[in-house]
>>> print(open('entry_33.cif').read())   # mmCIF, C-alpha atoms
data_coords
#
loop_
_atom_site.label_atom_id
_atom_site.label_comp_id
_atom_site.auth_asym_id
_atom_site.auth_seq_id
_atom_site.Cartn_x
_atom_site.Cartn_y
_atom_site.Cartn_z
CA MET A 1 -11.20 28.55 5.29
CA ASN A 2 -14.15 26.22 5.19
CA PRO A 3 -13.91 23.81 8.11
CA LEU A 4 -15.48 21.03 6.06
CA SER A 5 -13.01 21.29 3.21
CA ALA A 6 -10.85 18.63 4.81
CA LEU A 7 -13.79 16.24 5.10
CA ARG A 8 -14.69 16.78 1.50
CA ALA A 9 -11.40 15.20 0.54
CA LEU A 10 -12.68 11.95 2.01
CA ALA A 11 -15.60 11.81 -0.37
CA HIS A 12 -15.37 10.14 -3.72
CA PRO A 13 -13.09 12.14 -6.08
CA ALA A 14 -15.94 12.73 -8.54
CA LEU A 15 -18.25 13.97 -5.79
CA ARG A 16 -15.49 16.12 -4.36
CA ALA A 17 -15.17 18.24 -7.47
CA GLU A 18 -18.93 18.84 -7.47
CA ALA A 19 -19.04 19.56 -3.76
CA MET A 20 -16.32 22.17 -4.07
CA GLN A 21 -18.37 24.28 -6.46
CA PRO A 22 -21.63 25.32 -4.72
CA VAL A 23 -20.15 26.35 -1.39
CA THR A 24 -17.68 28.85 -2.77
CA GLU A 25 -19.98 30.24 -5.44
CA LYS A 26 -23.14 30.54 -3.35
CA ALA A 27 -21.31 32.18 -0.48
CA ALA A 28 -19.72 34.83 -2.69
CA PRO A 29 -22.77 36.85 -3.93
CA LYS A 30 -24.30 37.24 -0.44
CA ALA A 31 -21.14 38.69 1.03
CA ILE A 32 -20.65 42.44 1.11
CA PRO A 33 -18.14 43.44 -1.57
CA PHE A 34 -14.70 43.63 -0.11
CA SER A 35 -14.03 47.09 -1.52
CA GLU A 36 -16.98 48.56 0.47
CA LEU A 37 -15.83 46.95 3.69
CA GLU A 38 -12.42 48.37 3.14
CA LYS A 39 -13.88 51.86 2.86
CA LEU A 40 -15.71 51.51 6.18
CA SER A 41 -12.81 50.58 8.37
CA PRO A 42 -9.57 50.20 6.53
CA GLY A 43 -7.43 49.42 9.56
CA ILE A 44 -9.44 46.61 11.23
CA LEU A 45 -10.04 44.27 8.32
CA PRO A 46 -7.81 41.25 8.00
CA MET A 47 -5.64 40.69 5.01
CA PRO A 48 -7.63 39.44 2.04
CA ILE A 49 -7.07 35.73 1.57
CA ASP A 50 -5.60 34.78 -1.74
CA SER A 51 -7.93 31.90 -2.62
CA ASN A 52 -5.55 30.48 -5.23
CA ARG A 53 -2.76 30.20 -2.73
CA VAL A 54 -4.97 28.50 -0.12
CA ASN A 55 -6.26 25.97 -2.62
CA ALA A 56 -2.76 25.18 -3.84
CA ALA A 57 -1.54 24.64 -0.29
CA ALA A 58 -4.52 22.40 0.53
CA ALA A 59 -4.04 20.29 -2.58
CA THR A 60 -0.45 19.53 -1.70
CA GLY A 61 -0.89 19.15 2.05
CA PHE A 62 -3.71 17.56 3.98
CA GLU A 63 -6.12 17.21 1.10
CA LYS A 64 -3.58 15.23 -0.88
CA ALA A 65 -2.88 12.97 2.11
CA ALA A 66 -6.60 12.34 2.60
CA THR A 67 -7.17 11.71 -1.10
CA ASP A 68 -4.23 9.31 -1.11
CA LEU A 69 -5.70 7.46 1.86
CA VAL A 70 -9.05 7.09 0.12
CA SER A 71 -7.49 5.93 -3.13
CA GLN A 72 -5.30 3.43 -1.33
CA VAL A 73 -8.30 2.01 0.52
CA ALA A 74 -10.10 1.78 -2.81
CA ALA A 75 -7.08 0.03 -4.31
CA LYS A 76 -7.02 -2.48 -1.45
CA GLN A 77 -10.70 -3.21 -1.92
CA ALA A 78 -10.21 -3.61 -5.64
CA ALA A 79 -7.30 -6.01 -5.01
CA ALA A 80 -9.40 -8.01 -2.56
CA GLY A 81 -12.28 -8.22 -5.03
CA GLU A 82 -9.90 -9.29 -7.76
CA SER A 83 -8.43 -11.94 -5.48
CA VAL A 84 -11.86 -13.32 -4.59
CA SER A 85 -12.93 -13.52 -8.22
CA GLN A 86 -9.65 -15.21 -9.14
CA LEU A 87 -10.12 -17.73 -6.34
CA LEU A 88 -13.68 -18.46 -7.40
CA GLY A 89 -12.58 -18.57 -11.01
CA GLY A 90 -10.29 -21.46 -10.18
CA GLN A 91 -7.08 -19.57 -10.82
CA ASN A 92 -3.86 -20.13 -8.95
CA VAL A 93 -4.70 -18.03 -5.90
CA SER A 94 -4.67 -19.63 -2.48
CA LEU A 95 -7.41 -19.22 0.07
CA HIS A 96 -5.21 -17.55 2.67
CA GLN A 97 -4.03 -14.90 0.19
CA THR A 98 -7.64 -14.01 -0.54
CA MET A 99 -8.55 -13.91 3.14
CA ILE A 100 -5.54 -11.74 3.96
CA ALA A 101 -6.39 -9.38 1.09
CA THR A 102 -10.01 -9.02 2.22
CA GLU A 103 -8.92 -8.54 5.84
CA GLU A 104 -6.45 -5.83 4.81
CA ALA A 105 -9.18 -4.11 2.82
CA SER A 106 -11.52 -4.29 5.80
CA ILE A 107 -8.97 -2.91 8.27
CA SER A 108 -7.86 -0.09 5.99
CA PHE A 109 -11.52 0.84 5.46
CA GLN A 110 -11.97 0.97 9.23
CA LEU A 111 -8.88 3.14 9.47
CA MET A 112 -10.41 5.54 6.95
CA VAL A 113 -13.68 5.61 8.89
CA GLU A 114 -11.80 6.39 12.10
CA VAL A 115 -9.97 9.27 10.41
CA ARG A 116 -13.29 10.60 9.13
CA ASN A 117 -14.87 10.28 12.59
CA LYS A 118 -12.00 12.20 14.15
CA LEU A 119 -12.30 14.99 11.60
CA LEU A 120 -16.05 15.25 12.06
CA GLU A 121 -15.59 15.27 15.82
CA ALA A 122 -13.07 18.10 15.55
CA TYR A 123 -15.46 20.04 13.33
CA GLN A 124 -18.37 19.59 15.74
CA GLU A 125 -16.15 20.60 18.62
CA LEU A 126 -15.34 23.81 16.76
CA MET A 127 -19.00 24.45 16.00
CA ARG A 128 -19.93 24.12 19.68
CA MET A 129 -17.27 26.64 20.67
CA GLN A 130 -18.61 29.78 22.36
CA VAL A 131 -17.36 33.00 20.81
CA MET B 1 0.76 1.49 -0.41
CA ILE B 2 -0.12 1.64 3.26
CA ASN B 3 1.00 -1.41 5.16
CA ILE B 4 -1.83 -2.43 7.46
CA LEU B 5 -0.81 -5.89 8.59
CA ASN B 6 2.91 -5.76 9.24
CA GLY B 7 5.00 -8.86 8.71
CA ILE B 8 2.22 -10.52 6.78
CA ASP B 9 4.51 -11.33 3.86
CA SER B 10 6.54 -13.82 5.87
CA THR B 11 3.39 -15.42 7.24
CA SER B 12 1.75 -15.60 3.85
CA SER B 13 4.78 -17.31 2.34
CA ALA B 14 4.87 -19.77 5.24
CA LEU B 15 1.18 -20.59 4.77
CA ASN B 16 1.87 -21.26 1.13
CA ALA B 17 4.87 -23.46 1.92
CA GLU B 18 2.96 -25.50 4.51
CA ARG B 19 0.10 -25.98 2.12
CA ILE B 20 2.52 -27.35 -0.48
CA ARG B 21 3.97 -29.65 2.19
CA MET B 22 0.49 -30.93 2.97
CA GLU B 23 -0.13 -31.55 -0.71
CA VAL B 24 3.08 -33.57 -0.93
CA VAL B 25 2.05 -35.64 2.12
CA SER B 26 -1.37 -36.28 0.58
CA GLN B 27 0.37 -37.38 -2.61
CA ASN B 28 2.56 -39.78 -0.58
CA ILE B 29 -0.45 -41.26 1.19
CA ALA B 30 -2.39 -41.57 -2.04
CA ASN B 31 0.43 -43.48 -3.72
CA VAL B 32 1.07 -45.92 -0.90
CA ASN B 33 0.22 -48.87 -3.18
CA SER B 34 1.49 -47.61 -6.55
CA THR B 35 3.79 -50.17 -8.08
CA ARG B 36 4.15 -48.47 -11.45
CA GLY B 37 5.33 -45.04 -12.49
CA PRO B 38 3.42 -42.49 -14.61
CA ASP B 39 4.86 -44.03 -17.78
CA GLY B 40 3.42 -47.44 -16.88
CA LYS B 41 6.86 -48.97 -16.25
CA LEU B 42 7.42 -51.19 -13.25
CA LYS B 43 8.80 -48.67 -10.75
CA PRO B 44 7.37 -48.27 -7.26
CA TYR B 45 6.46 -44.74 -6.20
CA GLN B 46 9.16 -42.97 -4.25
CA ARG B 47 8.32 -40.94 -1.21
CA GLN B 48 8.45 -37.18 -1.96
CA GLN B 49 9.55 -34.63 0.58
CA VAL B 50 9.73 -30.84 0.51
CA VAL B 51 12.83 -28.79 1.24
CA PHE B 52 12.14 -25.30 2.54
CA GLU B 53 14.53 -22.40 2.14
CA THR B 54 14.63 -18.85 3.41
CA ALA B 55 14.10 -16.09 0.92
CA LEU B 56 14.78 -12.47 1.72
CA LYS B 57 12.11 -9.91 1.06
CA ASP B 58 12.54 -6.17 1.41
CA GLN B 59 13.40 -4.54 4.74
CA LEU B 60 11.03 -4.95 7.65
CA LYS B 61 8.80 -1.93 7.75
CA GLY B 62 9.70 0.60 10.37
CA ALA B 63 12.84 -1.10 11.58
CA GLY B 64 15.33 0.07 8.97
CA LEU B 65 18.16 -1.59 10.84
CA PRO B 66 20.86 -3.68 9.24
CA GLY B 67 19.95 -7.35 9.40
CA SER B 68 16.23 -6.63 9.63
CA GLU B 69 15.34 -7.97 6.22
CA ALA B 70 12.01 -9.76 6.27
CA SER B 71 12.68 -13.43 5.75
CA THR B 72 10.06 -15.31 3.84
CA VAL B 73 10.06 -19.03 3.23
CA ARG B 74 9.68 -20.86 -0.02
CA VAL B 75 9.81 -24.42 -1.21
CA ALA B 76 13.28 -24.88 -2.67
CA ARG B 77 12.58 -28.25 -4.24
CA ILE B 78 10.56 -31.41 -3.83
CA GLU B 79 12.88 -34.36 -3.84
CA SER B 80 12.30 -38.08 -3.63
CA ALA B 81 13.63 -40.01 -0.69
CA ARG B 82 16.01 -42.61 -2.07
CA ARG B 83 14.78 -45.65 -0.21
CA GLN B 84 14.76 -49.24 -1.24
CA PRO B 85 11.28 -50.47 -2.16
CA ARG B 86 9.47 -52.61 0.35
CA MET B 87 9.32 -56.21 -0.91
CA VAL B 88 6.01 -57.91 -0.15
CA TYR B 89 5.15 -61.49 -0.93
CA MET B 90 2.02 -61.36 -3.07
CA PRO B 91 2.17 -64.14 -5.68
CA GLY B 92 -1.22 -63.27 -7.10
CA HIS B 93 -0.29 -59.65 -7.83
CA ALA B 94 0.09 -58.65 -11.47
CA ASP B 95 3.47 -57.03 -10.80
CA ALA B 96 4.94 -59.92 -8.81
CA ASP B 97 8.34 -61.17 -9.88
CA ALA B 98 9.38 -64.83 -10.35
CA ASN B 99 9.58 -65.35 -6.57
CA GLY B 100 6.15 -63.83 -6.01
CA MET B 101 7.62 -60.66 -4.50
CA VAL B 102 6.11 -57.24 -5.30
CA ALA B 103 8.15 -54.02 -4.97
CA MET B 104 5.87 -51.68 -3.05
CA PRO B 105 6.61 -47.98 -2.34
CA ASN B 106 8.53 -47.62 0.90
CA ILE B 107 6.02 -45.31 2.56
CA ASN B 108 5.47 -45.50 6.26
CA ILE B 109 1.92 -44.33 6.88
CA HIS B 110 2.69 -43.38 10.48
CA GLU B 111 5.49 -41.15 9.33
CA GLU B 112 3.17 -39.52 6.82
CA MET B 113 0.49 -38.90 9.43
CA VAL B 114 3.02 -37.28 11.74
CA ASP B 115 4.20 -35.14 8.84
CA LEU B 116 0.61 -34.20 8.10
CA MET B 117 -0.01 -33.17 11.69
CA SER B 118 3.20 -31.20 11.76
CA ALA B 119 2.22 -29.35 8.56
CA SER B 120 -1.25 -28.71 9.95
CA ARG B 121 0.12 -27.35 13.23
CA ALA B 122 2.62 -25.13 11.44
CA TYR B 123 -0.20 -23.79 9.27
CA GLU B 124 -2.27 -23.17 12.37
CA ALA B 125 0.60 -21.30 14.04
CA ASN B 126 0.94 -19.04 11.02
CA LEU B 127 -2.81 -18.45 10.96
CA ASN B 128 -2.56 -17.39 14.58
CA VAL B 129 0.07 -14.85 13.56
CA VAL B 130 -2.40 -13.45 11.03
CA LYS B 131 -5.14 -13.33 13.65
CA THR B 132 -2.87 -11.61 16.16
CA ALA B 133 -1.72 -9.03 13.59
CA ARG B 134 -5.36 -8.35 12.75
CA GLY B 135 -6.27 -8.08 16.43
CA MET B 136 -3.43 -5.65 17.03
CA ALA B 137 -4.54 -3.48 14.12
CA LEU B 138 -8.16 -3.46 15.33
CA GLN B 139 -7.15 -2.70 18.91
CA THR B 140 -5.03 0.18 17.66
CA LEU B 141 -7.97 1.52 15.67
CA ALA B 142 -10.03 1.37 18.86
CA ILE B 143 -7.88 4.20 20.25
CA GLY B 144 -10.18 6.58 18.39
CA LYS B 145 -13.34 5.12 19.92
CA ARG B 146 -14.96 6.65 22.95
#
>>> encode(input="entry_33.cif", output="structure tokens")
Amino acid sequence: MNPLSALRALAHPALRAEAMQPVTEKAAPKAIPFSELEKLSPGILPMPIDSNRVNAAAATGFEKAATDLVSQVAAKQAAAGESVSQLLGGQNVSLHQTMIATEEASISFQLMVEVRNKLLEAYQELMRMQV
Amino acid sequence: MINILNGIDSTSSALNAERIRMEVVSQNIANVNSTRGPDGKLKPYQRQQVVFETALKDQLKGAGLPGSEASTVRVARIESARRQPRMVYMPGHADADANGMVAMPNINIHEEMVDLMSASRAYEANLNVVKTARGMALQTLAIGKR
């Protein structure tokens, strides 16, 4: 399991699909083929990870939650932008509605940043761990 | 949709209602000398006043208890106060009657100013609710900071 896979969910959806590719494909050729490792010490090796199953679980669990968070923040920002342009366009939108919309967008963005900071912190904590 | 600022619906509706109230007061003050109606007939302006009513929105988030529906406010109607016009002796006025009396709108400017201040203070109170909700959200986000 790649420890950064959770963080990748926070990136833009288009970037995420690209980012998924190189890590898995570059890592694969360098690794010793699994069949050879199995021959060396059949008892010690862990169970091979079914990559399909892991991906499916990630897409429904945390990754989905994180993607939802990002898309909702994006939706709030889009709504705030829409509200501002409607206000400036002289449409029937009141000032306080626009301000509340922009404030909501700002706070939900900060929430997303905090979630990202926590994840990164957890990752760095893991990387510093002595084995 | 994530709900960042809880209870903001009620506050937003109240801000809207108070703004409408202020508009009605400004209309009353503006028409303090109008002796004719929009159709040009001789009919002094009548003081307008707003009537607020409670409207129920969906359940309060997180409470889920019976009776915890979020109450918003809306302007039910704007009705005219049925007052007799104020008769002023102005013989030179174009709309004076045979006795030189002019029917002026019965608007008390002091009353309107008090209404204006009341609307302004109510608006301010609701803005403070918004500010407090925002402050609470930001303080909660600060849990993650070191």
>>> closest_residue(input="entry_33.cif", among="B:Ile20, B:Met117, B:Arg146, B:Leu141", to="chain A", atoms="all atoms listed in the file")
B:Leu141
>>> interface_residues(input="entry_33.cif", of="chain A", to="chain B", cutoff="7 Å", atoms="only C-alpha atoms", output="VMD selection string")
chain A and resid 72 97 104 108 111 114
>>> resolve_selection(input="entry_33.cif", expression="the PyMOL selection byres ((chain A and resi 113) around 12)", output="PyMOL selection string")
(chain A and resi 7+10-11+66+69-70+73+106-112+114-120) or (chain B and resi 141-142+144-145)
>>> residues_near_point(input="entry_33.cif", point="(-9.9, -9.8, -4.8)", cutoff="12 Å", atoms="only C-alpha atoms", output="MDAnalysis selection string")
chainID A and resid 74:89 91 93:105
>>> residues_near_point(input="entry_33.cif", point="(15.1, -23.0, -1.4)", cutoff="7 Å", atoms="only C-alpha atoms", output="list in words")
Val51, Phe52, Glu53, Thr54, Arg74, Val75, Ala76 and Arg77 of chain B
>>> resolve_selection(input="entry_33.cif", expression="the PyMOL selection byres ((chain B and resi 120) around 12)", output="tab-separated table (two decimals) with C-alpha atoms, keeping the file's coordinate frame")
chain	number	residue	atom	x	y	z
B	14	ALA	CA	4.87	-19.77	5.24
B	15	LEU	CA	1.18	-20.59	4.77
B	16	ASN	CA	1.87	-21.26	1.13
B	17	ALA	CA	4.87	-23.46	1.92
B	18	GLU	CA	2.96	-25.50	4.51
B	19	ARG	CA	0.10	-25.98	2.12
B	20	ILE	CA	2.52	-27.35	-0.48
B	21	ARG	CA	3.97	-29.65	2.19
B	22	MET	CA	0.49	-30.93	2.97
B	23	GLU	CA	-0.13	-31.55	-0.71
B	25	VAL	CA	2.05	-35.64	2.12
B	113	MET	CA	0.49	-38.90	9.43
B	114	VAL	CA	3.02	-37.28	11.74
B	115	ASP	CA	4.20	-35.14	8.84
B	116	LEU	CA	0.61	-34.20	8.10
B	117	MET	CA	-0.01	-33.17	11.69
B	118	SER	CA	3.20	-31.20	11.76
B	119	ALA	CA	2.22	-29.35	8.56
B	121	ARG	CA	0.12	-27.35	13.23
B	122	ALA	CA	2.62	-25.13	11.44
B	123	TYR	CA	-0.20	-23.79	9.27
B	124	GLU	CA	-2.27	-23.17	12.37
B	125	ALA	CA	0.60	-21.30	14.04
B	126	ASN	CA	0.94	-19.04	11.02
B	127	LEU	CA	-2.81	-18.45	10.96
>>> axis_aligned_box(input="entry_33.cif", around="range 93-106 of chain B", padding_each_side="8 Å", output="AutoDock Vina command-line options")
--center_x 4.6 --center_y -56.5 --center_z -5.3 --size_x 25.9 --size_y 33.7 --size_z 28.4
>>> atom_distance(input="entry_33.cif", atom1="CA of Thr72 in chain B", atom2="CA of Val24 in chain B")
20.1 Å
>>> atom_distance(input="entry_33.cif", atom1="CA of Glu112 in chain B", atom2="CA of Val73 in chain B")
21.9 Å
>>> residues_around(input="entry_33.cif", residues="Ser34 in chain B", least_positions_apart="4", cutoff="9 Å", atoms="only C-alpha atoms", output="PDB file with C-alpha atoms, in the coordinates of the input")
ATOM      1  CA  ALA B  30      -2.390 -41.570  -2.040  1.00  0.00           C
ATOM      2  CA  LYS B  43       8.800 -48.670 -10.750  1.00  0.00           C
ATOM      3  CA  PRO B  44       7.370 -48.270  -7.260  1.00  0.00           C
ATOM      4  CA  TYR B  45       6.460 -44.740  -6.200  1.00  0.00           C
ATOM      5  CA  MET B 104       5.870 -51.680  -3.050  1.00  0.00           C
ATOM      6  CA  PRO B 105       6.610 -47.980  -2.340  1.00  0.00           C
TER       7      PRO B 105
END
>>> atom_distance(input="entry_33.cif", atom1="CA of Asn99 in chain B", atom2="CA of Lys41 in chain B")
19.2 Å
>>> residues_around(input="entry_33.cif", residues="Gln46 in chain B", least_positions_apart="4", cutoff="8 Å", atoms="all atoms listed in the file", output="ChimeraX atom specification")
/B:80-83,105-107
>>> resolve_selection(input="entry_33.cif", expression="the PyMOL selection byres ((chain B and resi 87) around 10)", output="PDB file with C-alpha atoms, keeping the file's coordinate frame")
ATOM      1  CA  GLN B  84      14.760 -49.240  -1.240  1.00  0.00           C
ATOM      2  CA  PRO B  85      11.280 -50.470  -2.160  1.00  0.00           C
ATOM      3  CA  ARG B  86       9.470 -52.610   0.350  1.00  0.00           C
ATOM      4  CA  VAL B  88       6.010 -57.910  -0.150  1.00  0.00           C
ATOM      5  CA  TYR B  89       5.150 -61.490  -0.930  1.00  0.00           C
ATOM      6  CA  MET B  90       2.020 -61.360  -3.070  1.00  0.00           C
ATOM      7  CA  ALA B  96       4.940 -59.920  -8.810  1.00  0.00           C
ATOM      8  CA  GLY B 100       6.150 -63.830  -6.010  1.00  0.00           C
ATOM      9  CA  MET B 101       7.620 -60.660  -4.500  1.00  0.00           C
ATOM     10  CA  VAL B 102       6.110 -57.240  -5.300  1.00  0.00           C
ATOM     11  CA  ALA B 103       8.150 -54.020  -4.970  1.00  0.00           C
ATOM     12  CA  MET B 104       5.870 -51.680  -3.050  1.00  0.00           C
ATOM     13  CA  PRO B 105       6.610 -47.980  -2.340  1.00  0.00           C
ATOM     14  CA  ASN B 106       8.530 -47.620   0.900  1.00  0.00           C
TER      15      ASN B 106
END
>>> build_atoms(input="entry_33.cif", residues="range 83-116 of chain B", atoms="N, CA and C atoms", output="PDB file, keeping the file's coordinate frame")
ATOM      1  N   ARG B  83      14.886 -44.473  -1.077  1.00  0.00           N
ATOM      2  CA  ARG B  83      14.780 -45.650  -0.210  1.00  0.00           C
ATOM      3  C   ARG B  83      14.570 -46.877  -1.075  1.00  0.00           C
ATOM      4  N   GLN B  84      14.998 -47.985  -0.531  1.00  0.00           N
ATOM      5  CA  GLN B  84      14.760 -49.240  -1.240  1.00  0.00           C
ATOM      6  C   GLN B  84      13.263 -49.560  -1.159  1.00  0.00           C
ATOM      7  N   PRO B  85      12.695 -50.097  -2.230  1.00  0.00           N
ATOM      8  CA  PRO B  85      11.280 -50.470  -2.160  1.00  0.00           C
ATOM      9  C   PRO B  85      11.052 -51.583  -1.140  1.00  0.00           C
ATOM     10  N   ARG B  86       9.850 -51.603  -0.634  1.00  0.00           N
ATOM     11  CA  ARG B  86       9.470 -52.610   0.350  1.00  0.00           C
ATOM     12  C   ARG B  86       9.031 -53.853  -0.432  1.00  0.00           C
ATOM     13  N   MET B  87       9.667 -54.996  -0.173  1.00  0.00           N
ATOM     14  CA  MET B  87       9.320 -56.210  -0.910  1.00  0.00           C
ATOM     15  C   MET B  87       8.249 -56.980  -0.140  1.00  0.00           C
ATOM     16  N   VAL B  88       7.124 -57.224  -0.805  1.00  0.00           N
ATOM     17  CA  VAL B  88       6.010 -57.910  -0.150  1.00  0.00           C
ATOM     18  C   VAL B  88       5.700 -59.180  -0.954  1.00  0.00           C
ATOM     19  N   TYR B  89       5.466 -60.234  -0.247  1.00  0.00           N
ATOM     20  CA  TYR B  89       5.150 -61.490  -0.930  1.00  0.00           C
ATOM     21  C   TYR B  89       3.678 -61.524  -1.287  1.00  0.00           C
ATOM     22  N   MET B  90       3.399 -61.329  -2.577  1.00  0.00           N
ATOM     23  CA  MET B  90       2.020 -61.360  -3.070  1.00  0.00           C
ATOM     24  C   MET B  90       2.027 -62.067  -4.425  1.00  0.00           C
ATOM     25  N   PRO B  91       2.021 -63.405  -4.411  1.00  0.00           N
ATOM     26  CA  PRO B  91       2.170 -64.140  -5.680  1.00  0.00           C
ATOM     27  C   PRO B  91       1.059 -63.859  -6.678  1.00  0.00           C
ATOM     28  N   GLY B  92      -0.107 -63.497  -6.187  1.00  0.00           N
ATOM     29  CA  GLY B  92      -1.220 -63.270  -7.100  1.00  0.00           C
ATOM     30  C   GLY B  92      -1.198 -61.897  -7.761  1.00  0.00           C
ATOM     31  N   HIS B  93      -0.325 -61.027  -7.319  1.00  0.00           N
ATOM     32  CA  HIS B  93      -0.290 -59.650  -7.830  1.00  0.00           C
ATOM     33  C   HIS B  93       0.234 -59.597  -9.267  1.00  0.00           C
ATOM     34  N   ALA B  94      -0.299 -58.724 -10.060  1.00  0.00           N
ATOM     35  CA  ALA B  94       0.090 -58.650 -11.470  1.00  0.00           C
ATOM     36  C   ALA B  94       1.556 -58.273 -11.639  1.00  0.00           C
ATOM     37  N   ASP B  95       2.096 -57.494 -10.670  1.00  0.00           N
ATOM     38  CA  ASP B  95       3.470 -57.030 -10.800  1.00  0.00           C
ATOM     39  C   ASP B  95       4.444 -57.871  -9.981  1.00  0.00           C
ATOM     40  N   ALA B  96       4.047 -59.063  -9.603  1.00  0.00           N
ATOM     41  CA  ALA B  96       4.940 -59.920  -8.810  1.00  0.00           C
ATOM     42  C   ALA B  96       6.051 -60.466  -9.702  1.00  0.00           C
ATOM     43  N   ASP B  97       7.243 -60.615  -9.098  1.00  0.00           N
ATOM     44  CA  ASP B  97       8.340 -61.170  -9.880  1.00  0.00           C
ATOM     45  C   ASP B  97       8.304 -62.705  -9.809  1.00  0.00           C
ATOM     46  N   ALA B  98       9.369 -63.365 -10.268  1.00  0.00           N
ATOM     47  CA  ALA B  98       9.380 -64.830 -10.350  1.00  0.00           C
ATOM     48  C   ALA B  98       9.200 -65.483  -8.989  1.00  0.00           C
ATOM     49  N   ASN B  99       9.704 -64.796  -7.924  1.00  0.00           N
ATOM     50  CA  ASN B  99       9.580 -65.350  -6.570  1.00  0.00           C
ATOM     51  C   ASN B  99       8.277 -64.960  -5.891  1.00  0.00           C
ATOM     52  N   GLY B 100       7.409 -64.265  -6.604  1.00  0.00           N
ATOM     53  CA  GLY B 100       6.150 -63.830  -6.010  1.00  0.00           C
ATOM     54  C   GLY B 100       6.293 -62.587  -5.155  1.00  0.00           C
ATOM     55  N   MET B 101       7.418 -61.871  -5.298  1.00  0.00           N
ATOM     56  CA  MET B 101       7.620 -60.660  -4.500  1.00  0.00           C
ATOM     57  C   MET B 101       7.210 -59.434  -5.315  1.00  0.00           C
ATOM     58  N   VAL B 102       6.518 -58.489  -4.647  1.00  0.00           N
ATOM     59  CA  VAL B 102       6.110 -57.240  -5.300  1.00  0.00           C
ATOM     60  C   VAL B 102       6.860 -56.091  -4.646  1.00  0.00           C
ATOM     61  N   ALA B 103       7.457 -55.211  -5.493  1.00  0.00           N
ATOM     62  CA  ALA B 103       8.150 -54.020  -4.970  1.00  0.00           C
ATOM     63  C   ALA B 103       7.122 -52.937  -4.702  1.00  0.00           C
ATOM     64  N   MET B 104       6.854 -52.695  -3.413  1.00  0.00           N
ATOM     65  CA  MET B 104       5.870 -51.680  -3.050  1.00  0.00           C
ATOM     66  C   MET B 104       6.615 -50.402  -2.642  1.00  0.00           C
ATOM     67  N   PRO B 105       5.967 -49.230  -2.767  1.00  0.00           N
ATOM     68  CA  PRO B 105       6.610 -47.980  -2.340  1.00  0.00           C
ATOM     69  C   PRO B 105       6.942 -48.046  -0.844  1.00  0.00           C
ATOM     70  N   ASN B 106       8.113 -47.546  -0.498  1.00  0.00           N
ATOM     71  CA  ASN B 106       8.530 -47.620   0.900  1.00  0.00           C
ATOM     72  C   ASN B 106       7.974 -46.429   1.671  1.00  0.00           C
ATOM     73  N   ILE B 107       6.666 -46.422   1.840  1.00  0.00           N
ATOM     74  CA  ILE B 107       6.020 -45.310   2.560  1.00  0.00           C
ATOM     75  C   ILE B 107       5.497 -45.820   3.888  1.00  0.00           C
ATOM     76  N   ASN B 108       5.917 -45.168   4.922  1.00  0.00           N
ATOM     77  CA  ASN B 108       5.470 -45.500   6.260  1.00  0.00           C
ATOM     78  C   ASN B 108       4.294 -44.584   6.591  1.00  0.00           C
ATOM     79  N   ILE B 109       3.119 -45.163   6.733  1.00  0.00           N
ATOM     80  CA  ILE B 109       1.920 -44.330   6.880  1.00  0.00           C
ATOM     81  C   ILE B 109       1.953 -43.525   8.186  1.00  0.00           C
ATOM     82  N   HIS B 110       2.584 -44.096   9.203  1.00  0.00           N
ATOM     83  CA  HIS B 110       2.690 -43.380  10.480  1.00  0.00           C
ATOM     84  C   HIS B 110       3.522 -42.122  10.324  1.00  0.00           C
ATOM     85  N   GLU B 111       4.620 -42.289   9.597  1.00  0.00           N
ATOM     86  CA  GLU B 111       5.490 -41.150   9.330  1.00  0.00           C
ATOM     87  C   GLU B 111       4.729 -40.055   8.573  1.00  0.00           C
ATOM     88  N   GLU B 112       3.924 -40.487   7.599  1.00  0.00           N
ATOM     89  CA  GLU B 112       3.170 -39.520   6.820  1.00  0.00           C
ATOM     90  C   GLU B 112       2.139 -38.793   7.673  1.00  0.00           C
ATOM     91  N   MET B 113       1.492 -39.532   8.577  1.00  0.00           N
ATOM     92  CA  MET B 113       0.490 -38.900   9.430  1.00  0.00           C
ATOM     93  C   MET B 113       1.131 -37.881  10.352  1.00  0.00           C
ATOM     94  N   VAL B 114       2.321 -38.228  10.872  1.00  0.00           N
ATOM     95  CA  VAL B 114       3.020 -37.280  11.740  1.00  0.00           C
ATOM     96  C   VAL B 114       3.409 -36.035  10.941  1.00  0.00           C
ATOM     97  N   ASP B 115       3.849 -36.255   9.713  1.00  0.00           N
ATOM     98  CA  ASP B 115       4.200 -35.140   8.840  1.00  0.00           C
ATOM     99  C   ASP B 115       2.989 -34.253   8.576  1.00  0.00           C
ATOM    100  N   LEU B 116       1.853 -34.915   8.367  1.00  0.00           N
ATOM    101  CA  LEU B 116       0.610 -34.200   8.100  1.00  0.00           C
ATOM    102  C   LEU B 116       0.221 -33.334   9.298  1.00  0.00           C
TER     103      LEU B 116
END
